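Take a look at the structure below.
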Amino acid sequence: MNHGIAASAGVGIGHIILLKECTMEYEKGRTIEPTAELNRFKTELERFTTDTQKVADDIRERIGEKEAEIIEGQIMIISDPALTGEVEAAIQSGTCAEQAMEQVCDTFIQMFSSIDDEMMRQRASDIHDIKTRFLKQLLGIIDVDISKVPKGTILVARDFTPSMTAGIVKENVVGIVTEVGGVTSHSAILARALEIPAVLSVEACMTNLKDGQEAIVDGEKGIVITEPSKEQIAEYQSRYAALQKEKEELQQFSNMHTQTKDGVRVELFGNIGNPKDVQSVVQAGGEGVGLFRTEFLFMDSSSLPTEEEQFLAYKEAAMTLNGKPIIIRTLDIGGDKEIPYLEIPKEDNPFLGYRAIRYCLDRTDIYRTQLRALLRASAFGDIRIMIPLVTCVEEVRQVKALLNELKSELKQEGQAYKEDLKVGVMIETPAASLIADLLAKEVDFFSIGTNDLTQYTMAVDRGNAKVAGLYSTYQPAVLRSIRNIIQAAKEQNIMVGMCGESASDIRMLPLLLAFGLDEFSVSSSAILATRKAISQITMEDAKKIAKQAMQFSTEKEVCQYLSKQIEVHTA
């Protein structure tokens, strides 16, 4: 049995095909004529861009807009003068196109890989994919045709890259296994979009697994079973049938209100990273957007997005929702999230450093532009502004003062905006939790970010395997913090939501309902399952479960108890 990360739910039974990386050999240091070699590079660059756009168009038609944008992101990367300029400079200095491309890409891969952030590591993966494909193109190497694999195939690769997606015939591939990648990697996103079970980061899978080997991919438990017994095959066939039935049954929740078994209503929103993602939230039955991560607008650009560019993005998202609420988090960047053109200084401890609202209040030139764009867009929908990483009341007051200044500017210019625009804070630090009662008097809503709240409360680097066992929202300290935050919001009669991973954790739902959470914001793919789970429990039962859970002293006791309760109430 091989263990990895459960990245795309479901089970698949089939036979393995290894996608081996070929050796790309060329003569390094060979003598070239720079002008001719530069023309060769530019010709291949144009062909690469054209071919990649065809792949994106195919994915847009077969899978969806969001997945197509992952591929188009590679076009943006390879078209960036920061990359192509260095390649061209190397060629002009006498380096062949292959070597120039490899060296420059490796430099960027090393830079992004060194940053302790999943998004940056994903950028490194994209550049690795670009490098591999471009070198194959320069060397005339033809890839294995994934589209021709037989039905019942389990694809095993070092990494499942975006470019591989174009060749996949969904009906033929029953599982994906890789040596690298995490839950938020493009490998996982694409596998989930294709609804193919995937287990990622399976150590040495390219060595331990064999071509033609029969296997089971369990995308829920994160395991790969090789040479399964007849009993195991029968068990997983039964599970597959049950999952298909459950998937069909979930559709009945797509047009329903989100409410408990005894009729207590709550709101169920979706999390997004760009305006195009709104459509998937709407299609899944989301009642709004609880988190729009605006940093992606900045990270996917080679220069600062202008006020007009930001305004159009926010306006598009708001109009797509057609009056439903959209909570837009202002720029959460800095420290561990590197954007070259912002020139943010390196820090020894970026998670406790110059980032998010701290950076924005220091760089008001950048922040004012974003806030103006948000105010203008608010005229086109129910936009609400959320401030990230708040640790003191002064930060909130500074943002509100800036907004008042900008409202006066826009009024003088004759620009429309929503006068009573709601402003809230993301509660994700112990400091914010401890002064939640004070913050509640200053803002219109709270949104709890459980990912960082857990990390900061437990003093755990979630990327550090040595202490990963302590990173759990079930820790009594974290649960008490969440309860305190919700209680403070209730006392001031303001809305309190949650946009962290725990909002879609079925075991956590009884506690969150009992504490009084008003709004759950989850990934679009989790909306229906979350709505169903909420509908299966009464508020009375939720309060009983919460009362007992909060009496336990350890994370293990809490987790075991909640798991048993979910089994009882979903049976």
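Each chain in the structure tokens gets a letter, A, B, ..., in the order shown, and its residues are numbered from 1; ligands are numbered from 1 in order too.
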
What parts of region 419-541 of chain A does DSSP call alpha helix (DSSP H)? I'd like the answer as a VMD selection string. chain A and resid 430 to 434 436 to 439 450 to 457 476 to 491 509 to 515 527 to 535 539 to 541

What's the 7 Å shell around Val174 (chain A), counting only C-alpha atoms, without same-chain residues fewer than 6 positions away, as a list of chain:residue names?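 Result of the neighbour search: A:Gly12, A:Ile13, A:Gly14, A:Gly152, A:Thr153, A:Ile154, A:Ile196, A:Pro197.
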
Distance query Lys547 (chain A) at most 9 Å, only C-alpha atoms, self and fewer than 5 positions along chain excluded, as a count of residues only: 3

Residues near Gln398 (chain A), cut-off 12 Å, only C-alpha atoms, skip fewer than 3 positions along chain, as a list in words: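 My reading of the contact set: Ile357, Arg358, Cys360, Leu361, Asp362, Thr364, Tyr367, Arg368, Ile387, Val390, Cys392, Val393, Glu394, Glu395, Ala401, Leu402, Leu403, Asn404, Glu405 and Glu442 of chain A.
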
Could you save those same residues with C-alpha atoms as a short mmCIF file (atom, residue, chain, number, x, y, z; two decimals), in the first residue's frame?
data_model
loop_
_atom_site.label_atom_id
_atom_site.label_comp_id
_atom_site.auth_asym_id
_atom_site.auth_seq_id
_atom_site.Cartn_x
_atom_site.Cartn_y
_atom_site.Cartn_z
CA ILE A 357 -2.76 45.19 6.00
CA ARG A 358 0.63 46.16 7.44
CA CYS A 360 -1.00 48.16 2.54
CA LEU A 361 -1.12 50.85 5.22
CA ASP A 362 2.57 51.53 4.59
CA THR A 364 -1.07 53.75 0.66
CA TYR A 367 -3.85 50.56 -1.31
CA ARG A 368 -5.73 53.73 -2.31
CA ILE A 387 -9.36 43.66 5.90
CA VAL A 390 -5.85 42.61 11.64
CA CYS A 392 -5.35 46.04 16.49
CA VAL A 393 -8.21 48.54 16.29
CA GLU A 394 -5.96 51.26 14.87
CA GLU A 395 -5.56 49.33 11.61
CA ALA A 401 -10.45 56.89 7.29
CA LEU A 402 -8.90 56.12 3.89
CA LEU A 403 -12.28 54.96 2.59
CA ASN A 404 -13.94 58.17 3.79
CA GLU A 405 -11.28 60.25 2.01
CA GLU A 442 -15.72 49.05 14.66
#

Region 284-382 of chain A near region 416-430 of chain A within 9 Å: what's each residue's closest atom pair and its distance in Å to one decimal, counting only C-alpha atoms, ordered by chain then ascending residue number, as a Markdown table?
| residue | atom | partner | partner_atom | distance |
| --- | --- | --- | --- | --- |
| A:Ile327 | CA | A:Gly424 | CA | 8.8 |
| A:Arg329 | CA | A:Met426 | CA | 8.2 |
| A:Leu374 | CA | A:Tyr417 | CA | 8.8 |
| A:Leu375 | CA | A:Tyr417 | CA | 5.4 |
| A:Arg376 | CA | A:Tyr417 | CA | 5.0 |
| A:Ala377 | CA | A:Tyr417 | CA | 7.0 |
| A:Ser378 | CA | A:Lys418 | CA | 5.4 |
| A:Ala379 | CA | A:Tyr417 | CA | 4.6 |
| A:Phe380 | CA | A:Tyr417 | CA | 8.3 |
| A:Gly381 | CA | A:Lys418 | CA | 8.8 |
| A:Asp382 | CA | A:Leu421 | CA | 8.1 |

Output file for the residues above (C-alpha atoms, as a PDB file, in the first residue's frame):
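Generated output (again-v5.pdb):
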ATOM      1  CA  ILE A 327     -16.853  39.776   0.286  1.00  0.00           C
ATOM      2  CA  ARG A 329     -10.446  40.726   0.788  1.00  0.00           C
ATOM      3  CA  LEU A 374     -13.601  48.600  -4.913  1.00  0.00           C
ATOM      4  CA  LEU A 375     -15.709  51.677  -4.110  1.00  0.00           C
ATOM      5  CA  ARG A 376     -16.470  52.290  -7.783  1.00  0.00           C
ATOM      6  CA  ALA A 377     -17.367  48.626  -8.324  1.00  0.00           C
ATOM      7  CA  SER A 378     -19.694  48.695  -5.298  1.00  0.00           C
ATOM      8  CA  ALA A 379     -22.198  50.630  -7.440  1.00  0.00           C
ATOM      9  CA  PHE A 380     -22.753  47.417  -9.425  1.00  0.00           C
ATOM     10  CA  GLY A 381     -23.498  44.920  -6.672  1.00  0.00           C
ATOM     11  CA  ASP A 382     -23.415  44.005  -2.985  1.00  0.00           C
TER      12      ASP A 382
END

Determine, counting only C-alpha atoms, which protein, DNA and RNA residues have an atom within 8 Å of an atom of region 214-220 of chain A; residues of the same chain fewer than 6 positions away are not included. Present the result as a list in words.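 Contacts, in chain order: Ala6, Ala7, Ser8, Ala9, Gly10, Val11, Gly12, Ile13, Gly14, His15, Ile16, Ile154, Gly175, Ile176, Val177, Pro197, Ala198, Val199, Thr226, Glu227, Pro228, Ile233 and Tyr236 of chain A.
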
Output C-alpha atoms for every residue in that selection, as an mmCIF file, in the first residue's frame.
data_model
loop_
_atom_site.group_PDB
_atom_site.id
_atom_site.type_symbol
_atom_site.label_atom_id
_atom_site.label_comp_id
_atom_site.auth_asym_id
_atom_site.auth_seq_id
_atom_site.Cartn_x
_atom_site.Cartn_y
_atom_site.Cartn_z
ATOM 1 C CA ALA A 6 -5.842 12.776 -0.844
ATOM 2 C CA ALA A 7 -6.227 15.426 -3.540
ATOM 3 C CA SER A 8 -9.319 14.481 -5.537
ATOM 4 C CA ALA A 9 -12.108 12.386 -4.024
ATOM 5 C CA GLY A 10 -13.412 9.132 -5.416
ATOM 6 C CA VAL A 11 -12.062 5.666 -6.135
ATOM 7 C CA GLY A 12 -10.627 4.191 -9.305
ATOM 8 C CA ILE A 13 -9.778 0.599 -10.194
ATOM 9 C CA GLY A 14 -7.548 -0.051 -13.184
ATOM 10 C CA HIS A 15 -4.067 -0.642 -14.572
ATOM 11 C CA ILE A 16 -1.043 1.625 -14.270
ATOM 12 C CA ILE A 154 -4.276 4.917 -13.845
ATOM 13 C CA GLY A 175 -6.988 7.571 -11.357
ATOM 14 C CA ILE A 176 -3.984 9.886 -11.121
ATOM 15 C CA VAL A 177 -0.923 9.341 -8.929
ATOM 16 C CA PRO A 197 -9.587 10.344 -8.156
ATOM 17 C CA ALA A 198 -6.049 11.514 -7.361
ATOM 18 C CA VAL A 199 -3.420 10.754 -4.745
ATOM 19 C CA THR A 226 -1.305 -2.407 -5.792
ATOM 20 C CA GLU A 227 -2.214 -5.975 -6.774
ATOM 21 C CA PRO A 228 -5.518 -5.804 -4.830
ATOM 22 C CA ILE A 233 -11.780 -5.042 -5.567
ATOM 23 C CA TYR A 236 -14.079 -0.691 -3.812
#

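Residue nearest Gly181 (chain A), chosen from A:Leu38, A:Val281, A:Ala157, A:Leu250 and counting only C-alpha atoms: A:Ala157.
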
Contacts of region 289-296 of chain A at 8 Å (only C-alpha atoms; same-chain gap of 5+ positions) as a PyMOL selection string: chain A and resi 269-274+278+281+324-333+497-499+520-522

Would you mind exporting N, CA and C atoms of the selected residues as a short mmCIF file (atom, residue, chain, number, x, y, z; two decimals), in the first residue's frame?
data_model
loop_
_atom_site.label_atom_id
_atom_site.label_comp_id
_atom_site.auth_asym_id
_atom_site.auth_seq_id
_atom_site.Cartn_x
_atom_site.Cartn_y
_atom_site.Cartn_z
N PHE A 269 -21.71 30.39 1.16
CA PHE A 269 -21.03 31.14 0.11
C PHE A 269 -19.87 30.31 -0.47
N GLY A 270 -19.24 30.85 -1.52
CA GLY A 270 -18.08 30.20 -2.13
C GLY A 270 -16.84 31.07 -2.07
N ASN A 271 -15.68 30.42 -2.08
CA ASN A 271 -14.40 31.14 -2.12
C ASN A 271 -13.90 31.20 -3.56
N ILE A 272 -13.35 32.34 -3.98
CA ILE A 272 -12.85 32.48 -5.34
C ILE A 272 -11.50 33.19 -5.38
N GLY A 273 -10.80 33.05 -6.52
CA GLY A 273 -9.51 33.72 -6.70
C GLY A 273 -9.52 34.72 -7.83
N ASN A 274 -10.56 34.67 -8.69
CA ASN A 274 -10.67 35.65 -9.77
C ASN A 274 -12.13 35.73 -10.20
N VAL A 278 -16.53 33.01 -10.15
CA VAL A 278 -17.87 33.28 -9.62
C VAL A 278 -18.89 32.35 -10.27
N VAL A 281 -19.32 29.11 -8.57
CA VAL A 281 -20.06 29.26 -7.30
C VAL A 281 -21.56 29.32 -7.57
N LYS A 324 -26.27 39.19 -5.27
CA LYS A 324 -25.86 38.39 -4.11
C LYS A 324 -24.58 38.99 -3.51
N PRO A 325 -24.35 38.81 -2.21
CA PRO A 325 -23.19 39.42 -1.56
C PRO A 325 -21.86 38.87 -2.08
N ILE A 326 -20.84 39.73 -2.11
CA ILE A 326 -19.47 39.30 -2.44
C ILE A 326 -18.51 40.01 -1.49
N ILE A 327 -17.83 39.23 -0.67
CA ILE A 327 -16.85 39.78 0.29
C ILE A 327 -15.48 39.74 -0.37
N ILE A 328 -14.90 40.91 -0.57
CA ILE A 328 -13.62 41.03 -1.26
C ILE A 328 -12.53 41.39 -0.27
N ARG A 329 -11.57 40.49 -0.13
CA ARG A 329 -10.45 40.73 0.79
C ARG A 329 -9.42 41.61 0.11
N THR A 330 -9.04 42.68 0.77
CA THR A 330 -8.02 43.54 0.18
C THR A 330 -6.67 42.83 0.18
N LEU A 331 -5.74 43.39 -0.56
CA LEU A 331 -4.47 42.74 -0.87
C LEU A 331 -3.80 42.09 0.33
N ASP A 332 -3.67 40.76 0.27
CA ASP A 332 -3.01 39.99 1.32
C ASP A 332 -1.72 39.45 0.73
N ILE A 333 -0.71 40.27 0.76
CA ILE A 333 0.55 39.93 0.11
C ILE A 333 1.70 40.35 1.00
N GLY A 497 -18.92 35.11 9.74
CA GLY A 497 -18.78 33.99 8.82
C GLY A 497 -17.44 33.30 9.00
N MET A 498 -17.21 32.30 8.16
CA MET A 498 -15.93 31.58 8.19
C MET A 498 -15.54 31.24 6.76
N CYS A 499 -14.30 31.55 6.40
CA CYS A 499 -13.83 31.28 5.04
C CYS A 499 -12.63 30.33 5.02
N PHE A 520 -21.12 30.32 6.02
CA PHE A 520 -20.06 29.36 5.73
C PHE A 520 -19.57 29.62 4.31
N SER A 521 -18.27 29.83 4.13
CA SER A 521 -17.75 30.06 2.78
C SER A 521 -16.76 28.95 2.45
N VAL A 522 -17.05 28.20 1.39
CA VAL A 522 -16.29 27.00 1.06
C VAL A 522 -15.93 27.02 -0.43
#

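Interatomic distance, CA of Ile77 (chain A) against CA of Ile189 (chain A): 19.0 Å.
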
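Of the listed residues A:Thr457, A:Gln415, A:Gly29, A:Ser447, the one whose atoms come nearest to Leu470 (chain A) is A:Thr457, with distances taken using only C-alpha atoms.
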
DSSP on the backbone: what in region 15-197 of chain A comes out strand (DSSP E), as a VMD selection string? chain A and resid 15 to 19 153 to 157 173 to 178

Give me the residues near region 256-265 of chain A as a ChimeraX atom specification, where near means some atom within 12 Å (using only C-alpha atoms) and where sequence neighbours in that chain fewer than 3 positions away do not count. /A:250-253,268-269,284-287,509-510,513-514,516-520,527-542,569-570

Shortest contact to Ala431 (chain A), candidates A:Gln92, A:Asn322, A:Asn451, A:Ser481, atoms counted only C-alpha atoms, goes to A:Ser481

Smallest atom-to-atom distance to Ala204 (chain A): which of A:Val156, A:Cys22, A:Leu512, A:Ala356, using only C-alpha atoms? A:Val156

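Atom pair CA of Pro305 (chain A) / CA of Pro388 (chain A): separated by 19.5 Å.
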
Suppose you want the space between CA of Ala241 (chain A) and CA of Val169 (chain A); what is it in Å? 21.0 Å
